[in-house]
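Report on the following structure.
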Amino acid sequence: LRTAAVIPAAGRGVRLGPGAPKALRALGGTPMLIHAVRAMAASRAVSLVVVVAPPDGAPEVRALLDGHTFPERTELLVVPGGDTRQQSVALGLQALPDDVDVVLVHDAARPLVPVDTVDGVIAAVRAGAPAVVPALPLADTVKEVRPDPEGGQEPVVGTPERARLRAVQTPQGFDRDMLVKAHTTVTFDGEGATDDAGMVERLGAPVVVVPGHEEAFKVTRPLDLVLAEAVLARRRV
Ligand code: CTP
Ligand code: MG
């Protein structure tokens, strides 16, 4: 039995601004998706990576992957994604062969996650946790507000104690059967679930936290690209 990584990469990247789909944007001259696949393939435990491409972009993504080198042990599959991240992950899960028992789900938008973080997540799943998330304490204090769709003033509803909060990253790791059950039984409104562990929580199953890493940050807005370029440049010296 083996470990696979599913990489949802079907998003447009609206918050990053106009241009190619976010996963195909360059970082140090190489598409973010290639960095993300290499970050998963860097773990000796990962023998399969399933890339979930934009709905109409699977052939293009397949060609992109074929033009890069990855470790010999890494098998690569490409499937078309869906309208929401949750749908894209579900489509990736459907492509998994029978011999996969542990699944990582990793955002293409987190291209720089270190291999130690990946290995830490896998180890915690192999040690018996059905769902594992890497996470970090928050720097900012968080307020809950009553959102105003019109963009007006938003009253504060409360301030959760910061010491009890964690910002969660990916890869999140799962017992395959648990994650598939979550994706086939749990329903969310609107945008769907923004993380997979949240779906497993809805099943009432335990989710555990392992240490995340600052370099596993998500490239979401233009300033994140500046930071990502700087992290890459520092690695290259
Ligand atoms: N994702 C996906 N399918 C979607 C939407 C998102 O596979 N329909 C993926 C993105 O490609 C990304 C990850 O989910 O790797 C995390 O999502 P996010 O950072 O929100 O990326 P986007 O949805 O592309 O960005 P935005 O929300 O700014 O449009
Ligand atoms: Mg999004």
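If you're wondering about the labels, chains in the structure tokens are A, B, ... by order shown, residues count from 1 in each chain, ligands from 1 in order shown.
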>> Counting only C-alpha atoms and all ligand atoms, what are the residues, protein, DNA or RNA alike, that approach ligand 1 to within 8 Å? I want them as JSON, numbers by chain.
In response: {"A": [7, 8, 9, 10, 11, 12, 13, 14, 15, 16, 17, 21, 22, 23, 52, 53, 54, 81, 82, 83, 84, 85, 86, 87, 88, 89, 106, 107, 108, 109, 110, 194, 218, 219, 220, 221]}
Can you spit out the residues from that selection as a PDB file, in the first residue's frame, using C-alpha atoms?
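What landed in result.pdb:
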```
ATOM      1  CA  ILE A   7      -2.811  18.615  -5.997  1.00  0.00           C
ATOM      2  CA  PRO A   8      -5.832  20.826  -6.741  1.00  0.00           C
ATOM      3  CA  ALA A   9      -4.571  23.291  -9.362  1.00  0.00           C
ATOM      4  CA  ALA A  10      -7.791  24.179 -11.163  1.00  0.00           C
ATOM      5  CA  GLY A  11      -8.346  27.630  -9.654  1.00  0.00           C
ATOM      6  CA  ARG A  12      -8.237  30.870 -11.631  1.00  0.00           C
ATOM      7  CA  GLY A  13      -6.377  32.899  -9.025  1.00  0.00           C
ATOM      8  CA  VAL A  14      -8.786  35.830  -9.015  1.00  0.00           C
ATOM      9  CA  ARG A  15      -7.158  37.445  -5.972  1.00  0.00           C
ATOM     10  CA  LEU A  16      -3.739  37.326  -7.643  1.00  0.00           C
ATOM     11  CA  GLY A  17      -5.080  39.437 -10.497  1.00  0.00           C
ATOM     12  CA  PRO A  21      -4.403  30.340 -14.085  1.00  0.00           C
ATOM     13  CA  LYS A  22      -2.512  30.788 -10.791  1.00  0.00           C
ATOM     14  CA  ALA A  23      -0.872  27.335 -10.804  1.00  0.00           C
ATOM     15  CA  VAL A  52      -6.143  18.389 -10.884  1.00  0.00           C
ATOM     16  CA  ALA A  53      -5.934  20.740 -13.869  1.00  0.00           C
ATOM     17  CA  PRO A  54      -8.264  23.562 -14.902  1.00  0.00           C
ATOM     18  CA  GLY A  81     -10.991  19.815 -12.140  1.00  0.00           C
ATOM     19  CA  GLY A  82     -14.276  21.485 -11.227  1.00  0.00           C
ATOM     20  CA  ASP A  83     -15.853  24.817 -10.283  1.00  0.00           C
ATOM     21  CA  THR A  84     -14.859  24.728  -6.610  1.00  0.00           C
ATOM     22  CA  ARG A  85     -11.797  23.486  -4.772  1.00  0.00           C
ATOM     23  CA  GLN A  86     -13.964  20.850  -3.089  1.00  0.00           C
ATOM     24  CA  GLN A  87     -15.117  19.512  -6.486  1.00  0.00           C
ATOM     25  CA  SER A  88     -11.575  19.520  -7.809  1.00  0.00           C
ATOM     26  CA  VAL A  89     -10.320  17.461  -4.856  1.00  0.00           C
ATOM     27  CA  HIS A 106      -1.863  19.858  -1.321  1.00  0.00           C
ATOM     28  CA  ASP A 107      -2.633  23.271  -2.847  1.00  0.00           C
ATOM     29  CA  ALA A 108      -0.676  24.062  -6.005  1.00  0.00           C
ATOM     30  CA  ALA A 109      -0.677  27.558  -4.510  1.00  0.00           C
ATOM     31  CA  ARG A 110       1.732  26.412  -1.732  1.00  0.00           C
ATOM     32  CA  THR A 194     -12.045  25.548   1.896  1.00  0.00           C
ATOM     33  CA  LYS A 218      -0.254  30.155   0.222  1.00  0.00           C
ATOM     34  CA  VAL A 219       0.343  32.416  -2.760  1.00  0.00           C
ATOM     35  CA  THR A 220      -2.949  34.282  -2.798  1.00  0.00           C
ATOM     36  CA  ARG A 221      -2.319  38.007  -3.442  1.00  0.00           C
TER      37      ARG A 221
END
```
> Neighbours of Glu161 (chain A) within 12 Å (only C-alpha atoms; same-chain residues fewer than 5 positions away dropped), as a PyMOL selection string?
Replying inline: chain A and resi 137-138+140-144+166
Would you export the selected residues with N, CA and C atoms as a compact mmCIF listing (two decimals), in the first residue's frame, please?
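Contents of out-v2.txt, as written:
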```
# COMPACT_ATOMS: atom_id res chain seq x y z
N PRO A 137 0.74 28.99 14.74
CA PRO A 137 0.04 30.02 15.51
C PRO A 137 -0.11 31.29 14.66
N LEU A 138 -1.08 32.14 15.03
CA LEU A 138 -1.32 33.35 14.25
C LEU A 138 -0.48 34.51 14.77
N ASP A 140 -1.49 37.77 13.76
CA ASP A 140 -2.53 38.79 13.95
C ASP A 140 -3.59 38.32 14.93
N THR A 141 -4.17 39.26 15.64
CA THR A 141 -5.39 38.97 16.40
C THR A 141 -6.54 38.88 15.40
N VAL A 142 -7.48 37.96 15.65
CA VAL A 142 -8.61 37.73 14.73
C VAL A 142 -9.91 38.22 15.36
N LYS A 143 -10.70 38.95 14.61
CA LYS A 143 -12.03 39.39 15.05
C LYS A 143 -13.09 38.69 14.22
N GLU A 144 -14.15 38.29 14.87
CA GLU A 144 -15.33 37.85 14.12
C GLU A 144 -16.23 39.06 13.93
N ARG A 166 -5.12 28.43 15.24
CA ARG A 166 -4.03 28.01 14.37
C ARG A 166 -4.44 28.31 12.92
```
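With only C-alpha atoms as the atoms that count, the residue of A:Pro80, A:Pro31, A:Gly120, A:Gly192 with the shortest distance to Leu93 (chain A) is A:Pro80.
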> Among region 72-152 of chain A, which ones does DSSP place in strand (DSSP E), written as a PyMOL selection string?
Replying inline: chain A and resi 75-80+100-105+131-137+144-145
>> I'd like the contact shell of Thr117 (chain A) - 12 Å cut-off, only C-alpha atoms, skipping same-chain residues fewer than 4 positions apart - returned as a ChimeraX atom specification.
In response: /A:39-40,42-43,104,106,112-113,121-124,132-136,169-173,209-216
Residue subset to file, keeping C-alpha atoms, as a PDB file, in the first residue's frame:
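What landed in selection16.pdb:
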```pdb
ATOM      1  CA  ALA A  39       7.586  19.445  -3.167  1.00  0.00           C
ATOM      2  CA  MET A  40       5.357  16.350  -2.907  1.00  0.00           C
ATOM      3  CA  ALA A  42      10.554  15.124  -2.653  1.00  0.00           C
ATOM      4  CA  SER A  43       9.072  12.834  -0.007  1.00  0.00           C
ATOM      5  CA  LEU A 104      -2.213  14.014   0.915  1.00  0.00           C
ATOM      6  CA  HIS A 106      -1.863  19.858  -1.321  1.00  0.00           C
ATOM      7  CA  LEU A 112       7.474  26.012  -1.322  1.00  0.00           C
ATOM      8  CA  VAL A 113       6.414  23.646   1.472  1.00  0.00           C
ATOM      9  CA  VAL A 121       2.099  14.830   7.981  1.00  0.00           C
ATOM     10  CA  ILE A 122       2.536  11.377   6.426  1.00  0.00           C
ATOM     11  CA  ALA A 123       4.149  10.024   9.603  1.00  0.00           C
ATOM     12  CA  ALA A 124       1.237  11.203  11.733  1.00  0.00           C
ATOM     13  CA  VAL A 132      -3.699  15.505   9.948  1.00  0.00           C
ATOM     14  CA  VAL A 133      -3.204  19.218   9.286  1.00  0.00           C
ATOM     15  CA  PRO A 134       0.021  21.234   9.435  1.00  0.00           C
ATOM     16  CA  ALA A 135      -0.619  24.521  11.214  1.00  0.00           C
ATOM     17  CA  LEU A 136       1.033  27.590  12.758  1.00  0.00           C
ATOM     18  CA  GLN A 169      -1.773  24.830   5.678  1.00  0.00           C
ATOM     19  CA  THR A 170      -1.365  21.923   3.292  1.00  0.00           C
ATOM     20  CA  PRO A 171      -0.480  19.154   2.618  1.00  0.00           C
ATOM     21  CA  GLN A 172      -3.245  17.779   4.793  1.00  0.00           C
ATOM     22  CA  GLY A 173      -3.002  14.018   5.216  1.00  0.00           C
ATOM     23  CA  VAL A 209      -2.382  19.217  14.139  1.00  0.00           C
ATOM     24  CA  VAL A 210       1.339  18.871  13.426  1.00  0.00           C
ATOM     25  CA  PRO A 211       3.809  21.762  13.076  1.00  0.00           C
ATOM     26  CA  GLY A 212       3.447  23.691   9.836  1.00  0.00           C
ATOM     27  CA  HIS A 213       6.155  25.842   8.249  1.00  0.00           C
ATOM     28  CA  GLU A 214       6.351  29.537   7.354  1.00  0.00           C
ATOM     29  CA  GLU A 215       7.475  28.588   3.836  1.00  0.00           C
ATOM     30  CA  ALA A 216       4.264  26.596   3.312  1.00  0.00           C
TER      31      ALA A 216
END
```
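The shortest atom-to-atom distance to Val50 (chain A), with only C-alpha atoms taken into account, belongs to A:Val79 out of A:Val79, A:Thr30, A:Ala129, A:Arg62.
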